[in-house]
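What follows is the content of run.cif (mmCIF, C-alpha atoms and all ligand atoms).
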```cif
data_run
#
loop_
_atom_site.label_atom_id
_atom_site.label_comp_id
_atom_site.auth_asym_id
_atom_site.auth_seq_id
_atom_site.Cartn_x
_atom_site.Cartn_y
_atom_site.Cartn_z
CA MET A 1 -51.72 52.93 -178.04
CA LEU A 2 -54.44 50.70 -176.57
CA THR A 3 -55.85 51.50 -173.15
CA ALA A 4 -58.73 49.78 -171.36
CA ILE A 5 -60.85 51.42 -168.70
CA VAL A 6 -62.52 48.78 -166.59
CA GLY A 7 -64.47 48.36 -163.37
CA ILE A 8 -62.78 46.92 -160.27
CA ASN A 9 -65.96 46.36 -158.27
CA TRP A 10 -69.62 45.48 -158.97
CA GLY A 11 -70.10 48.14 -161.64
CA ASP A 12 -71.19 51.78 -161.38
CA GLU A 13 -67.73 52.80 -160.28
CA GLY A 14 -67.85 55.87 -162.50
CA LYS A 15 -66.23 54.35 -165.60
CA GLY A 16 -68.27 56.58 -167.92
CA ARG A 17 -66.97 59.77 -166.36
CA MET A 18 -63.38 58.45 -166.43
CA VAL A 19 -63.71 57.53 -170.10
CA ASP A 20 -65.16 60.96 -170.76
CA LEU A 21 -62.20 62.49 -168.93
CA LEU A 22 -59.46 60.38 -170.50
CA SER A 23 -60.96 60.39 -173.98
CA GLN A 24 -59.53 63.90 -174.33
CA GLY A 25 -56.24 62.42 -175.47
CA TYR A 26 -57.77 59.60 -177.54
CA GLN A 27 -59.19 59.51 -181.05
CA VAL A 28 -61.23 56.31 -180.75
CA VAL A 29 -63.41 54.86 -177.96
CA SER A 30 -64.81 51.35 -178.26
CA ARG A 31 -67.23 49.34 -176.14
CA TYR A 32 -66.42 45.63 -176.28
CA GLN A 33 -69.07 43.75 -174.28
CA GLY A 34 -72.55 44.02 -172.81
CA GLY A 35 -75.56 45.87 -174.09
CA ASN A 36 -78.04 48.48 -173.00
CA ASN A 37 -78.07 47.17 -169.44
CA ALA A 38 -75.19 49.59 -168.88
CA GLY A 39 -75.85 53.00 -167.42
CA HIS A 40 -72.98 55.44 -167.66
CA THR A 41 -73.74 58.87 -166.27
CA ILE A 42 -71.68 61.83 -167.40
CA TYR A 43 -72.01 65.48 -166.43
CA VAL A 44 -70.73 68.02 -168.92
CA ASN A 45 -70.89 71.57 -167.58
CA GLY A 46 -73.58 70.51 -165.15
CA GLU A 47 -75.69 68.88 -167.88
CA LYS A 48 -76.49 65.21 -167.27
CA PHE A 49 -76.14 62.52 -169.94
CA VAL A 50 -76.94 58.83 -169.41
CA LEU A 51 -75.51 56.42 -171.94
CA ASN A 52 -76.53 52.77 -172.27
CA LEU A 53 -75.11 51.54 -175.58
CA LEU A 54 -73.15 54.47 -176.91
CA PRO A 55 -69.51 54.75 -175.83
CA SER A 56 -68.82 57.68 -173.54
CA GLY A 57 -66.59 59.29 -176.19
CA ILE A 58 -69.74 60.28 -178.08
CA LEU A 59 -69.82 63.52 -176.08
CA ARG A 60 -66.38 64.59 -177.33
CA PRO A 61 -66.35 66.10 -180.81
CA GLY A 62 -63.79 64.43 -183.04
CA VAL A 63 -63.75 61.11 -181.16
CA VAL A 64 -64.81 58.06 -183.21
CA ASN A 65 -66.98 55.63 -181.21
CA LEU A 66 -67.30 51.91 -181.86
CA LEU A 67 -69.69 49.17 -180.74
CA GLY A 68 -67.58 46.02 -180.94
CA PRO A 69 -68.30 42.39 -181.95
CA GLY A 70 -68.53 41.33 -178.29
CA MET A 71 -71.61 43.49 -177.74
CA VAL A 72 -75.32 42.72 -177.94
CA VAL A 73 -77.31 45.54 -179.51
CA ASP A 74 -81.00 46.29 -179.04
CA ILE A 75 -81.37 48.36 -182.20
CA ALA A 76 -84.61 50.06 -181.12
CA HIS A 77 -82.94 51.18 -177.91
CA LEU A 78 -79.88 52.36 -179.82
CA ARG A 79 -81.99 54.46 -182.17
CA GLY A 80 -83.83 56.03 -179.25
CA GLU A 81 -80.59 56.78 -177.45
CA MET A 82 -79.10 58.38 -180.56
CA GLU A 83 -82.21 60.47 -181.17
CA ARG A 84 -82.35 61.72 -177.58
CA LEU A 85 -78.72 62.83 -177.74
CA MET A 86 -79.10 64.41 -181.17
CA ALA A 87 -82.11 66.36 -179.93
CA ARG A 88 -79.74 67.83 -177.33
CA GLY A 89 -77.24 68.93 -179.94
CA VAL A 90 -74.83 65.96 -179.91
CA ARG A 91 -73.69 65.19 -183.47
CA ILE A 92 -73.92 61.50 -184.37
CA GLY A 93 -73.26 59.99 -187.78
CA PRO A 94 -71.05 57.54 -189.70
CA GLU A 95 -68.05 59.81 -189.06
CA ASN A 96 -68.20 59.31 -185.28
CA LEU A 97 -70.22 56.10 -184.71
CA LYS A 98 -69.54 52.65 -186.13
CA ILE A 99 -71.18 49.35 -185.23
CA SER A 100 -69.51 45.99 -185.75
CA HIS A 101 -71.09 43.71 -188.33
CA LEU A 102 -70.36 40.88 -185.86
CA ALA A 103 -72.28 42.28 -182.86
CA ALA A 104 -75.40 40.28 -181.95
CA ILE A 105 -78.87 41.83 -182.22
CA CYS A 106 -80.96 41.73 -179.06
CA LEU A 107 -84.54 41.08 -180.20
CA PRO A 108 -87.92 41.82 -178.60
CA ALA A 109 -88.19 38.05 -178.08
CA ASN A 110 -85.08 38.18 -175.88
CA VAL A 111 -86.55 40.96 -173.78
CA ARG A 112 -89.78 39.00 -173.36
CA GLN A 113 -87.88 35.87 -172.43
CA ASP A 114 -85.92 37.82 -169.81
CA CYS A 115 -89.14 39.14 -168.22
CA LEU A 116 -90.89 35.76 -168.36
CA GLU A 117 -87.95 34.10 -166.63
CA GLU A 118 -87.68 36.73 -163.88
CA GLU A 119 -91.41 36.34 -163.25
CA ARG A 120 -91.13 32.56 -163.15
CA LEU A 121 -88.29 32.85 -160.63
CA ALA A 122 -90.38 35.23 -158.49
CA ASP A 123 -88.64 35.50 -155.11
CA ALA A 124 -85.55 33.66 -156.36
CA LYS A 125 -85.01 36.21 -159.13
CA PHE A 126 -81.53 37.30 -160.19
CA GLY A 127 -82.26 40.99 -160.40
CA SER A 128 -82.04 41.06 -164.18
CA THR A 129 -82.40 44.45 -165.84
CA ARG A 130 -85.03 42.71 -168.05
CA ARG A 131 -83.42 44.01 -171.19
CA GLY A 132 -82.86 40.62 -172.76
CA ILE A 133 -79.12 40.49 -172.15
CA ALA A 134 -78.81 36.98 -170.67
CA PRO A 135 -81.16 35.44 -173.30
CA ILE A 136 -79.36 37.04 -176.25
CA TYR A 137 -75.92 35.98 -174.97
CA GLY A 138 -77.45 32.52 -174.51
CA ASP A 139 -78.72 32.57 -178.11
CA LYS A 140 -75.31 33.72 -179.32
CA TYR A 141 -73.57 30.76 -177.73
CA MET A 142 -76.34 28.46 -179.03
CA LYS A 143 -75.39 29.93 -182.43
CA LYS A 144 -78.91 31.16 -183.13
CA ALA A 145 -78.47 34.93 -182.86
CA LEU A 146 -78.80 37.43 -185.69
CA ARG A 147 -75.88 39.80 -186.11
CA MET A 148 -75.69 43.42 -187.21
CA GLY A 149 -74.17 42.44 -190.57
CA ASP A 150 -77.29 40.39 -191.35
CA LEU A 151 -79.19 43.67 -191.60
CA LEU A 152 -77.21 44.35 -194.77
CA GLU A 153 -78.40 41.09 -196.38
CA PRO A 154 -82.22 41.13 -196.23
CA GLU A 155 -82.82 37.68 -197.76
CA ARG A 156 -80.41 35.98 -195.42
CA LEU A 157 -81.89 37.89 -192.51
CA GLU A 158 -85.40 36.68 -193.33
CA ARG A 159 -84.28 33.07 -193.61
CA GLN A 160 -82.33 33.19 -190.33
CA LEU A 161 -85.10 34.95 -188.49
CA ARG A 162 -87.55 32.23 -189.48
CA GLN A 163 -85.27 29.51 -188.14
CA LEU A 164 -84.57 31.49 -185.01
CA LEU A 165 -88.24 32.11 -184.20
CA ASP A 166 -89.23 28.50 -184.92
CA TRP A 167 -86.80 27.57 -182.18
CA LYS A 168 -87.54 30.45 -179.81
CA ASN A 169 -91.29 29.89 -180.00
CA LEU A 170 -90.91 26.33 -178.74
CA LEU A 171 -89.68 27.88 -175.52
CA LEU A 172 -92.12 30.79 -175.38
CA GLU A 173 -95.24 28.78 -176.20
CA LYS A 174 -94.52 25.35 -174.79
CA GLY A 175 -92.11 26.35 -172.03
CA TYR A 176 -93.64 29.55 -170.69
CA ASN A 177 -97.19 29.14 -172.00
CA ALA A 178 -96.80 32.59 -173.54
CA PRO A 179 -97.86 33.90 -176.97
CA ALA A 180 -95.52 33.09 -179.85
CA GLU A 181 -93.29 35.81 -181.26
CA ASP A 182 -94.72 36.95 -184.58
CA TYR A 183 -92.42 36.61 -187.59
CA GLY A 184 -93.86 39.53 -189.57
CA GLU A 185 -93.80 41.85 -186.59
CA THR A 186 -90.20 41.01 -185.73
CA LEU A 187 -89.16 41.51 -189.34
CA ARG A 188 -90.86 44.91 -189.37
CA TRP A 189 -89.08 45.79 -186.12
CA LEU A 190 -85.74 44.78 -187.67
CA ARG A 191 -86.34 46.86 -190.79
CA GLU A 192 -87.72 49.89 -189.03
CA ASN A 193 -84.83 50.06 -186.56
CA GLY A 194 -82.12 48.44 -188.64
CA ASP A 195 -82.44 50.37 -191.89
CA PRO A 196 -81.48 53.75 -190.38
CA LEU A 197 -78.35 52.11 -188.89
CA ARG A 198 -77.12 50.50 -192.12
CA GLU A 199 -74.53 53.14 -192.90
CA LEU A 200 -73.00 52.71 -189.44
CA ILE A 201 -72.41 48.96 -189.77
CA CYS A 202 -68.87 47.94 -190.70
CA ASP A 203 -65.84 45.88 -189.73
CA THR A 204 -64.77 47.78 -186.63
CA GLY A 205 -61.69 45.55 -186.28
CA LEU A 206 -60.41 46.66 -189.65
CA TYR A 207 -61.15 50.26 -188.71
CA LEU A 208 -59.18 49.82 -185.47
CA GLU A 209 -56.18 48.26 -187.26
CA GLU A 210 -56.06 51.20 -189.64
CA ALA A 211 -56.45 53.69 -186.82
CA LEU A 212 -53.61 52.07 -184.86
CA ALA A 213 -51.39 51.96 -187.94
CA ALA A 214 -52.00 55.69 -188.33
CA GLY A 215 -50.77 56.21 -184.75
CA LYS A 216 -54.17 56.90 -183.20
CA LYS A 217 -54.86 56.25 -179.54
CA VAL A 218 -57.70 53.87 -178.71
CA LEU A 219 -59.64 53.57 -175.48
CA PHE A 220 -61.72 50.50 -174.58
CA GLU A 221 -64.69 51.21 -172.35
CA ALA A 222 -65.96 48.39 -170.18
CA GLN A 223 -69.44 47.98 -168.81
CA LEU A 224 -69.95 46.66 -165.27
CA GLY A 225 -67.07 45.50 -163.07
CA ALA A 226 -64.77 42.55 -162.37
CA LEU A 227 -67.17 41.05 -159.83
CA ARG A 228 -69.89 40.81 -162.51
CA ASP A 229 -67.72 38.95 -164.99
CA ILE A 230 -69.45 35.81 -166.27
CA ASP A 231 -66.53 33.55 -165.29
CA TYR A 232 -64.68 35.37 -162.52
CA GLY A 233 -67.53 37.27 -160.86
CA ILE A 234 -70.18 36.36 -158.28
CA TYR A 235 -71.74 33.71 -160.55
CA PRO A 236 -74.66 33.28 -161.13
CA TYR A 237 -75.36 36.88 -160.04
CA THR A 238 -73.07 38.12 -162.77
CA SER A 239 -73.65 39.73 -166.10
CA SER A 240 -73.58 37.46 -169.14
CA SER A 241 -70.46 38.88 -170.74
CA THR A 242 -66.76 39.12 -170.00
CA THR A 243 -66.17 42.42 -168.24
CA LEU A 244 -62.41 41.97 -167.98
CA ALA A 245 -59.72 44.02 -169.68
CA ALA A 246 -58.14 40.92 -171.21
CA TYR A 247 -61.25 40.47 -173.37
CA ALA A 248 -61.19 44.04 -174.71
CA PRO A 249 -59.15 43.36 -177.88
CA ILE A 250 -61.31 40.31 -178.66
CA GLY A 251 -64.60 42.05 -178.01
CA ALA A 252 -63.56 45.11 -179.98
CA GLY A 253 -62.45 43.30 -183.13
CA ILE A 254 -58.66 43.12 -182.83
CA PRO A 255 -58.05 39.77 -181.08
CA GLY A 256 -54.39 39.68 -182.03
CA ARG A 257 -53.51 42.91 -180.27
CA ARG A 258 -52.35 43.44 -176.70
CA LEU A 259 -53.29 46.23 -174.35
CA ASP A 260 -50.68 48.82 -173.49
CA LYS A 261 -52.41 49.94 -170.32
CA THR A 262 -55.34 49.02 -168.09
CA VAL A 263 -56.89 51.67 -165.88
CA GLY A 264 -59.12 50.23 -163.17
CA VAL A 265 -61.94 52.38 -161.86
CA MET A 266 -62.56 51.76 -158.19
CA LYS A 267 -65.08 53.44 -155.94
CA ALA A 268 -64.20 54.86 -152.51
CA TYR A 269 -67.00 52.69 -151.03
CA SER A 270 -69.09 49.77 -152.32
CA SER A 271 -72.35 49.59 -154.25
CA CYS A 272 -74.14 46.68 -155.87
CA VAL A 273 -77.29 46.63 -157.98
CA GLY A 274 -79.58 43.64 -157.79
CA GLU A 275 -79.28 40.31 -156.03
CA GLY A 276 -76.35 38.20 -154.93
CA PRO A 277 -73.82 37.94 -152.12
CA PHE A 278 -72.48 41.32 -151.00
CA PRO A 279 -70.61 40.65 -147.74
CA CYS A 280 -69.89 44.27 -146.80
CA GLU A 281 -73.53 45.41 -147.20
CA LEU A 282 -74.83 48.07 -144.81
CA PHE A 283 -78.46 48.22 -143.69
CA GLY A 284 -80.76 50.66 -141.98
CA ALA A 285 -79.87 54.28 -141.30
CA ALA A 286 -76.16 53.87 -142.13
CA ALA A 287 -77.06 52.46 -145.56
CA GLY A 288 -79.63 55.19 -146.15
CA ALA A 289 -77.13 57.94 -145.35
CA LEU A 290 -74.47 56.50 -147.69
CA ARG A 291 -77.02 55.89 -150.47
CA GLU A 292 -78.22 59.48 -150.23
CA ALA A 293 -74.69 60.91 -150.04
CA GLY A 294 -73.64 58.95 -153.11
CA GLY A 295 -76.92 59.25 -155.04
CA GLU A 296 -76.88 55.46 -155.41
CA TYR A 297 -79.82 54.79 -157.68
CA GLY A 298 -79.29 52.80 -160.90
CA ALA A 299 -78.69 54.87 -164.03
CA ALA A 300 -80.33 52.25 -166.27
CA THR A 301 -83.16 51.22 -163.96
CA GLY A 302 -83.55 53.80 -161.14
CA ARG A 303 -83.33 50.97 -158.60
CA PRO A 304 -81.84 51.89 -155.18
CA ARG A 305 -78.36 50.37 -155.09
CA ARG A 306 -77.19 48.29 -152.14
CA VAL A 307 -74.26 50.04 -150.46
CA GLY A 308 -71.44 49.28 -148.06
CA PRO A 309 -67.97 50.37 -147.00
CA PHE A 310 -64.93 49.85 -149.22
CA ASP A 311 -64.30 46.11 -149.51
CA VAL A 312 -60.60 45.24 -149.48
CA PRO A 313 -60.73 41.51 -150.43
CA ALA A 314 -63.21 42.16 -153.26
CA SER A 315 -61.28 45.15 -154.63
CA ARG A 316 -57.90 43.45 -154.39
CA TYR A 317 -59.38 40.53 -156.34
CA GLY A 318 -60.85 42.97 -158.87
CA VAL A 319 -57.45 44.62 -159.36
CA ARG A 320 -55.86 41.21 -159.88
CA VAL A 321 -58.31 39.79 -162.43
CA GLN A 322 -58.39 43.06 -164.33
CA GLY A 323 -54.60 43.24 -164.38
CA ALA A 324 -54.88 46.93 -163.57
CA ASP A 325 -51.73 48.98 -164.11
CA GLU A 326 -53.15 51.99 -162.30
CA LEU A 327 -56.37 53.01 -160.62
CA ALA A 328 -58.84 55.85 -160.67
CA LEU A 329 -60.55 56.24 -157.30
CA THR A 330 -63.99 57.82 -157.66
CA LYS A 331 -66.49 59.44 -155.32
CA LEU A 332 -64.07 60.23 -152.51
CA ASP A 333 -66.22 63.34 -151.87
CA THR A 334 -69.18 61.11 -151.00
CA LEU A 335 -67.48 60.08 -147.75
CA SER A 336 -66.98 63.65 -146.50
CA TYR A 337 -70.01 63.41 -144.19
CA LEU A 338 -68.49 60.62 -142.07
CA SER A 339 -66.38 61.33 -138.98
CA GLU A 340 -65.17 57.72 -138.95
CA ILE A 341 -64.90 55.78 -142.21
CA PRO A 342 -65.49 52.04 -141.97
CA VAL A 343 -63.71 49.68 -144.35
CA CYS A 344 -64.13 45.95 -144.77
CA ALA A 345 -60.50 44.89 -144.22
CA ARG A 346 -61.04 41.13 -144.65
CA TYR A 347 -63.69 38.45 -144.21
CA THR A 348 -64.27 35.54 -141.97
CA VAL A 349 -65.64 32.42 -143.65
CA ASP A 350 -66.95 29.74 -141.30
CA GLY A 351 -65.15 31.54 -138.50
CA VAL A 352 -61.77 31.58 -140.28
CA PRO A 353 -60.28 34.97 -141.24
CA THR A 354 -59.33 35.41 -144.89
CA GLY A 355 -58.13 38.16 -147.18
CA GLU A 356 -59.09 36.22 -150.30
CA PHE A 357 -62.28 36.74 -152.25
CA PRO A 358 -64.17 33.43 -152.10
CA SER A 359 -66.72 32.00 -154.55
CA GLY A 360 -69.98 30.05 -154.39
CA GLY A 361 -71.24 29.06 -150.94
CA ARG A 362 -68.10 30.38 -149.23
CA LEU A 363 -68.84 33.84 -150.59
CA GLU A 364 -72.41 33.61 -149.30
CA ARG A 365 -71.10 32.74 -145.84
CA ALA A 366 -68.39 35.45 -145.81
CA ARG A 367 -68.77 38.01 -143.02
CA PRO A 368 -67.00 41.37 -143.04
CA VAL A 369 -64.32 42.34 -140.56
CA LEU A 370 -64.56 46.10 -140.25
CA GLU A 371 -61.87 48.59 -139.40
CA SER A 372 -62.25 52.31 -139.30
CA LEU A 373 -60.18 55.23 -140.51
CA PRO A 374 -60.53 58.87 -139.46
CA GLY A 375 -62.79 60.99 -141.63
CA TRP A 376 -61.93 64.50 -142.85
CA GLY A 377 -65.27 66.13 -142.16
CA CYS A 378 -65.12 68.90 -144.76
CA ASP A 379 -66.06 69.52 -148.38
CA ILE A 380 -63.32 68.30 -150.72
CA SER A 381 -65.20 68.74 -154.01
CA GLY A 382 -63.20 71.87 -154.81
CA CYS A 383 -59.77 70.19 -154.44
CA ARG A 384 -57.81 69.95 -157.68
CA ARG A 385 -54.38 69.01 -156.39
CA TRP A 386 -53.31 66.13 -154.16
CA GLU A 387 -51.77 68.53 -151.63
CA GLU A 388 -55.10 70.32 -151.26
CA LEU A 389 -56.81 67.22 -149.87
CA PRO A 390 -57.03 67.07 -146.06
CA GLN A 391 -54.41 64.81 -144.50
CA GLU A 392 -57.09 62.24 -143.49
CA ALA A 393 -58.35 62.00 -147.07
CA ARG A 394 -54.83 61.41 -148.37
CA ALA A 395 -54.29 58.78 -145.66
CA TYR A 396 -57.51 57.03 -146.72
CA VAL A 397 -56.41 56.93 -150.37
CA GLU A 398 -52.95 55.67 -149.39
CA TYR A 399 -54.49 52.97 -147.20
CA LEU A 400 -56.66 51.69 -150.08
CA GLU A 401 -53.71 51.79 -152.44
CA GLU A 402 -51.60 49.71 -150.11
CA GLN A 403 -54.40 47.22 -149.44
CA VAL A 404 -55.23 46.54 -153.08
CA GLY A 405 -51.61 46.68 -154.25
CA CYS A 406 -51.97 49.10 -157.16
CA ALA A 407 -51.21 52.78 -157.60
CA ILE A 408 -54.14 55.21 -157.42
CA ARG A 409 -53.30 57.77 -160.08
CA TYR A 410 -56.59 59.67 -160.38
CA VAL A 411 -58.88 60.72 -157.57
CA SER A 412 -62.27 62.14 -158.41
CA VAL A 413 -64.06 64.41 -155.99
CA GLY A 414 -67.27 65.23 -157.88
CA ALA A 415 -69.27 64.20 -160.92
CA ASP A 416 -68.43 67.13 -163.16
CA ARG A 417 -65.73 66.92 -165.80
CA ASP A 418 -63.12 68.99 -163.95
CA GLN A 419 -63.69 67.56 -160.46
CA TYR A 420 -60.65 65.33 -160.21
CA LEU A 421 -56.99 65.40 -159.41
CA VAL A 422 -54.02 63.52 -160.79
CA ARG A 423 -51.19 62.26 -158.59
CA GLU A 424 -47.88 62.57 -160.37
P1 LIG G 501 -70.46 53.60 -164.52
O1 LIG G 501 -71.56 52.65 -164.80
O2 LIG G 501 -69.23 52.93 -163.96
O3 LIG G 501 -70.13 54.50 -165.66
O4 LIG G 501 -70.97 54.53 -163.32
P2 LIG G 501 -72.42 55.21 -163.17
O5 LIG G 501 -72.48 56.36 -164.08
O6 LIG G 501 -73.48 54.19 -163.23
O7 LIG G 501 -72.37 55.66 -161.65
C1 LIG G 501 -71.46 56.57 -161.19
C2 LIG G 501 -72.22 57.80 -160.65
O8 LIG G 501 -71.35 58.55 -159.85
C3 LIG G 501 -72.71 58.75 -161.71
O9 LIG G 501 -73.92 59.29 -161.31
C4 LIG G 501 -71.62 59.80 -161.79
O10 LIG G 501 -72.10 61.06 -162.21
C5 LIG G 501 -71.20 59.86 -160.35
N1 LIG G 501 -69.81 60.19 -160.13
C6 LIG G 501 -68.71 59.77 -160.81
N2 LIG G 501 -67.59 60.19 -160.21
C7 LIG G 501 -67.99 60.90 -159.12
C8 LIG G 501 -67.29 61.56 -158.05
O11 LIG G 501 -66.07 61.59 -157.99
N3 LIG G 501 -68.06 62.16 -157.10
C9 LIG G 501 -69.42 62.12 -157.13
N4 LIG G 501 -70.07 62.71 -156.13
N5 LIG G 501 -70.10 61.50 -158.08
C10 LIG G 501 -69.40 60.90 -159.07
MG MG G 502 -73.53 52.32 -164.31
#
```
Just give me the structure of the file as structure tokens.
Amino acid sequence: MLTAIVGINWGDEGKGRMVDLLSQGYQVVSRYQGGNNAGHTIYVNGEKFVLNLLPSGILRPGVVNLLGPGMVVDIAHLRGEMERLMARGVRIGPENLKISHLAAICLPANVRQDCLEEERLADAKFGSTRRGIAPIYGDKYMKKALRMGDLLEPERLERQLRQLLDWKNLLLEKGYNAPAEDYGETLRWLRENGDPLRELICDTGLYLEEALAAGKKVLFEAQLGALRDIDYGIYPYTSSSTTLAAYAPIGAGIPGRRLDKTVGVMKAYSSCVGEGPFPCELFGAAAGALREAGGEYGAATGRPRRVGPFDVPASRYGVRVQGADELALTKLDTLSYLSEIPVCARYTVDGVPTGEFPSGGRLERARPVLESLPGWGCDISGCRRWEELPQEARAYVEYLEEQVGCAIRYVSVGADRDQYLVRE
């Protein structure tokens, strides 16, 4: 059984907490794209955990967690993340964490390049997390990147690193007028952070095939959402990887397999980190109130997130490109403070109404057409059954469901593990 859990919106929909929730019934959880620019926040019995590289199944004893070939791994960050969790009593070792030999290594040079480019762009910046993600994906497609498996072959690693830095330093020194990246220092960094990970590096695809043959259930955990996909998102304000469910088998190491189910995680309102067109954006006091109610500050960066009402055209598009079979609606409780709930029902582009999600300049010129639904005006965070939700809350969920054209199966009403309800 292969299930993908993916984001329908701009990311930060609450995928981590849904993976944590659903991973109960699964034996394996695999990430398949992205790097440590992810921030998945999970509360277990009131205790907060933020994960960047590690799959959210790491908090469930007995679940095996994989970092797939489609990922980019900053090995220093990974070590730090593992150590912080282990210091809090989470058990991590070769029995529950495996890293693909094909995953690319995000180097300090990539992080520097990311920062240098954001500084060069100044006011035109993209809102990069400055963690080297775009540069390392660039290097990967230029066929220059080092991969995790290279850490197991020191001589090859040294040779490749030399070639890589010869090339990279052309850009750093001559392009950005910045100091060259030092070969010896990078090699030390690779050994210091790579050696402790050696026993975790393997063919995760082979592992997955064996797990599936043994009847195990596998969950794919996406980072970011449909609207950040490199091809189908709000390019160029996207991430550098494919965030879509269709890529999950490829990015996890089993390209010949098909998904059995895709669960889309969709937020009851909109949030967006960083730059780029965001037609339904709220400003001023209304934005401040929603940001506070939803605690919308980036898990990876602490940046205040841009917020807005639920966006129908964007979410319907997200459901379509993800191929979602069912949805989990998160953060419904956040809207409890509103007496009237605005939603962006469609856009107008150049004065013409549209329900489609446009791209490029048309997306930049899209203006929201707002409608409003009655609020429920009471605390719903204690509801555990659909029937316990106030009628207005159920009507809101049913409205979203109808607008995006996909069943909402889970509704979450709080960040803690048990704060959700399932609609049968
Ligand atoms: P991800 O990147 O998709 O995993 O999402 P993030 O973890 O970045 O952001 C989601 C935030 O919302 C986290 O702080 C979660 O703890 C929180 N969260 C998730 N579901 C709910 C919910 O139903 N209600 C509330 N109030 N918070 C939630
Ligand atoms: Mg996040």
Review point. So how many Å separate CA of Phe310 in chain A and CA of Pro342 in chain A, to one decimal?
Key: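 Spanning CA of Phe310 in chain A to CA of Pro342 in chain A is a straight-line distance of 7.6 Å.
Computed from the coordinates, the CA of Arg198 in chain A to CA of Ala4 in chain A distance equals 27.7 Å.
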I want to know what sits within 10 Å of Gly414 in chain A, based on only C-alpha atoms, with residues of the same chain fewer than 6 positions away left out; could you give that as a PDB file with C-alpha atoms, in the frame of the given file?
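Written output follows (part.pdb):
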```pdb
ATOM      1  CA  TYR A  43     -72.010  65.480-166.430  1.00  0.00           C
ATOM      2  CA  THR A 330     -63.990  57.820-157.660  1.00  0.00           C
ATOM      3  CA  LYS A 331     -66.490  59.440-155.320  1.00  0.00           C
ATOM      4  CA  LEU A 332     -64.070  60.230-152.510  1.00  0.00           C
ATOM      5  CA  ASP A 333     -66.220  63.340-151.870  1.00  0.00           C
ATOM      6  CA  THR A 334     -69.180  61.110-151.000  1.00  0.00           C
ATOM      7  CA  ILE A 380     -63.320  68.300-150.720  1.00  0.00           C
ATOM      8  CA  SER A 381     -65.200  68.740-154.010  1.00  0.00           C
ATOM      9  CA  GLY A 382     -63.200  71.870-154.810  1.00  0.00           C
ATOM     10  CA  CYS A 383     -59.770  70.190-154.440  1.00  0.00           C
ATOM     11  CA  TYR A 420     -60.650  65.330-160.210  1.00  0.00           C
TER      12      TYR A 420
END
```
Point to revise | Answer as an NGL selection string, residues within 12 Å of (-76.9, 47.7, -181.3) using all atoms listed in the file | key: :A and (31-37 or 52-55 or 66-82 or 97-107 or 133 or 146-149 or 151 or 190 or 193-194 or 196-198 or 200-201)
Review point. For Arg385 in chain A, which residue out of A:Ala345, A:Ala268, A:Leu172, A:Val413 is the nearest one, using all atoms listed in the file?
Key: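 Once distances to Arg385 in chain A are computed over all atoms listed in the file, the minimum belongs to A:Val413.
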Within-8 Å residues of ligand MG 502 (chain G), basis only C-alpha atoms and all ligand atoms, as a CSV table (one decimal) with C-alpha atoms, in the coordinates of the input:
```
chain,number,residue,atom,x,y,z
A,11,GLY,CA,-70.1,48.1,-161.6
A,12,ASP,CA,-71.2,51.8,-161.4
A,13,GLU,CA,-67.7,52.8,-160.3
A,14,GLY,CA,-67.8,55.9,-162.5
A,15,LYS,CA,-66.2,54.4,-165.6
A,16,GLY,CA,-68.3,56.6,-167.9
A,38,ALA,CA,-75.2,49.6,-168.9
A,39,GLY,CA,-75.8,53.0,-167.4
A,40,HIS,CA,-73.0,55.4,-167.7
A,41,THR,CA,-73.7,58.9,-166.3
A,223,GLN,CA,-69.4,48.0,-168.8
A,224,LEU,CA,-70.0,46.7,-165.3
A,298,GLY,CA,-79.3,52.8,-160.9
A,299,ALA,CA,-78.7,54.9,-164.0
A,300,ALA,CA,-80.3,52.2,-166.3
```
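With only C-alpha atoms and all ligand atoms as the atoms that count, the minimum distance from ligand LIG 501 (chain G) to the choices A:Arg306, A:Arg88, A:Arg162, A:Lys48 is reached by A:Lys48.
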